[in-house]
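Okay, so here's the structure we're looking at.
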Amino acid sequence: MTLNVSLGAVRTFIEVGRQGSIKRAAQQLNVTPGAVSQQMKALEARFGVQLFERRNREVKLSTQGLRLFDKLKSGFEQIEAALQMFEVRGPRSRSLVVSTTPSFASCWLTPRLGRFANQHPDIDIRLETSAQLADMTSGMVDVAIRHGCGTYPGLDAALLFTPRLVAVASPLLLDDCPLPSPADCLRYPLLQDRDRADWSAWFAAHGVKPTKYAMKGLTYADDALLIQGAIAGQGLAIVRDVYAACALEAGSLVLAVNAAVPTQAKYFVVAQSGRVAVPKIAAFRQWILDEASIAPMPFQDNDRLGL
């Protein structure tokens, strides 16, 4: 018996099951949500069962849908693995998609990418930035830089570094003279992050009670812009040393005070566990680990374990 079901419809079903959303599945497949909905309705009509429970904008696999998903998922993973194996032989195999946040890209990664290009001129980097976590299961992203605890099911995560919060300023604002203590920062305008939380956390760690005035001031939604504001002499800023490293090394910023606060979240380079050995991914992963091990970072001590 031959079932008249297209492979494309089955692929769409798998993606909707993965994403739990018609819209997100459409984005991953680069088609319209309407096309995805039509394929799912046609598939349900062909099998004569309800595959999804629809709730507002989200969809959930029904009991029958979950049974079908479990049967098909492993098969598609094998297909994807086989295609990835041959990908390294194709003419576009040396195009590498790297996903990270806009701030990390601007402040740390972009200034260093030239060195990767010099070492691997045959690999074309496509850098994509987003505040949202990249979906590593879609096959659209090869490598991602994530900021968190390092627990990412199905992904291989290697530690880059543990950032610390430091107070920075233009050397002109401080007359090239560091402040004696954290409390002295209150004498200057304080530039704020999106949540206005970093100064509060930094002061609290040093036992300083800030005034209401200290929690006001210019607010920047992006850390790269916050750093530019500090370079322009608009005030003092609390930033991750990872982001400020290049500006500190260049002398456009200085440490406002010799005090830092470690953060719990760390930076990791991640890739799908089954793709770590793909040559272009392995090359980038080793390069960025090497860069992280030699990158100048104030106050960095033994947090770079495992590199």
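All residue names refer to the structure tokens as shown: chains lettered A, B, ... in order, residues numbered from 1 in each chain, ligands numbered from 1 in order.
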Can you list, as an MDAnalysis selection string, all residues belonging to stretch 53-232 of chain A that DSSP tags as strand (DSSP E)? chainID A and resid 53:55 58:61 95:100 124:129 143:148 155:161 164:169 190:191
Can you write out the residues you just picked, keeping C-alpha atoms, as a PDB file, in the first residue's frame?
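Writing the result to selection.pdb gives the following:
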ATOM      1  CA  GLU A  53      -4.781  20.567  19.679  1.00  0.00           C
ATOM      2  CA  ARG A  54      -5.040  24.229  18.743  1.00  0.00           C
ATOM      3  CA  ARG A  55      -5.029  26.816  21.523  1.00  0.00           C
ATOM      4  CA  GLU A  58      -0.013  27.769  20.092  1.00  0.00           C
ATOM      5  CA  VAL A  59      -0.528  24.203  18.929  1.00  0.00           C
ATOM      6  CA  LYS A  60       0.060  21.041  20.916  1.00  0.00           C
ATOM      7  CA  LEU A  61       0.454  17.523  19.617  1.00  0.00           C
ATOM      8  CA  SER A  95      29.585  29.092   4.787  1.00  0.00           C
ATOM      9  CA  LEU A  96      29.247  29.236   8.590  1.00  0.00           C
ATOM     10  CA  VAL A  97      26.278  30.875  10.314  1.00  0.00           C
ATOM     11  CA  VAL A  98      27.114  32.230  13.784  1.00  0.00           C
ATOM     12  CA  SER A  99      24.377  33.555  16.072  1.00  0.00           C
ATOM     13  CA  THR A 100      24.914  35.839  19.060  1.00  0.00           C
ATOM     14  CA  ASP A 124      32.656  32.515   4.930  1.00  0.00           C
ATOM     15  CA  ILE A 125      31.196  33.746   8.236  1.00  0.00           C
ATOM     16  CA  ARG A 126      27.599  34.974   8.291  1.00  0.00           C
ATOM     17  CA  LEU A 127      27.037  36.711  11.604  1.00  0.00           C
ATOM     18  CA  GLU A 128      23.418  36.927  12.767  1.00  0.00           C
ATOM     19  CA  THR A 129      22.421  38.886  15.858  1.00  0.00           C
ATOM     20  CA  VAL A 143      27.250  27.924  16.052  1.00  0.00           C
ATOM     21  CA  ALA A 144      25.821  30.187  18.755  1.00  0.00           C
ATOM     22  CA  ILE A 145      27.266  32.166  21.648  1.00  0.00           C
ATOM     23  CA  ARG A 146      25.029  31.872  24.703  1.00  0.00           C
ATOM     24  CA  HIS A 147      25.046  33.608  28.051  1.00  0.00           C
ATOM     25  CA  GLY A 148      23.728  31.422  30.861  1.00  0.00           C
ATOM     26  CA  LEU A 155      23.887  20.888  22.493  1.00  0.00           C
ATOM     27  CA  ASP A 156      27.616  20.736  23.078  1.00  0.00           C
ATOM     28  CA  ALA A 157      28.591  23.746  25.216  1.00  0.00           C
ATOM     29  CA  ALA A 158      32.184  24.874  25.824  1.00  0.00           C
ATOM     30  CA  LEU A 159      32.989  27.608  28.339  1.00  0.00           C
ATOM     31  CA  LEU A 160      34.430  30.826  26.957  1.00  0.00           C
ATOM     32  CA  PHE A 161      34.659  32.978  30.078  1.00  0.00           C
ATOM     33  CA  ARG A 164      32.359  40.551  35.791  1.00  0.00           C
ATOM     34  CA  LEU A 165      30.628  43.871  36.218  1.00  0.00           C
ATOM     35  CA  VAL A 166      33.051  46.790  36.224  1.00  0.00           C
ATOM     36  CA  ALA A 167      32.601  50.555  36.464  1.00  0.00           C
ATOM     37  CA  VAL A 168      34.107  52.381  33.486  1.00  0.00           C
ATOM     38  CA  ALA A 169      34.400  55.966  32.300  1.00  0.00           C
ATOM     39  CA  LEU A 190      25.533  57.313  36.090  1.00  0.00           C
ATOM     40  CA  LEU A 191      24.533  55.800  32.766  1.00  0.00           C
TER      41      LEU A 191
END
Residues within 8 Å of A:Val242, please, as a PyMOL selection string. Count only C-alpha atoms; anything in the same chain fewer than 6 positions from it doesn't count. chain A and resi 107-108+163-164+297
Write the selection just made, keeping C-alpha atoms, as a CSV table (one decimal), in the first residue's frame?
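Saved result, selection-v9.csv, follows:
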chain,number,residue,atom,x,y,z
A,107,CYS,CA,31.9,44.7,21.6
A,108,TRP,CA,33.8,41.4,21.5
A,163,PRO,CA,32.2,38.0,33.0
A,164,ARG,CA,32.4,40.6,35.8
A,297,MET,CA,40.0,41.2,30.5
Show which residues sit within 12 Å of A:Gln228, as a list in words. Count only C-alpha atoms, and ignore same-chain residues fewer than 4 positions away. Ser103, Ser106, Cys107, Val168, Ala169, Ser170, Leu191, Tyr220, Asp222, Asp223, Ala224, Ala232, Gly233, Gln234, Gly235, Leu236, Ala237, Val239, Tyr243, Ala244, Ala247, Ser252 and Leu253 of chain A
Figure out the distance between atom CA of A:Asp184 and atom CA of A:Lys209, please, to one decimal in Å. 11.7 Å
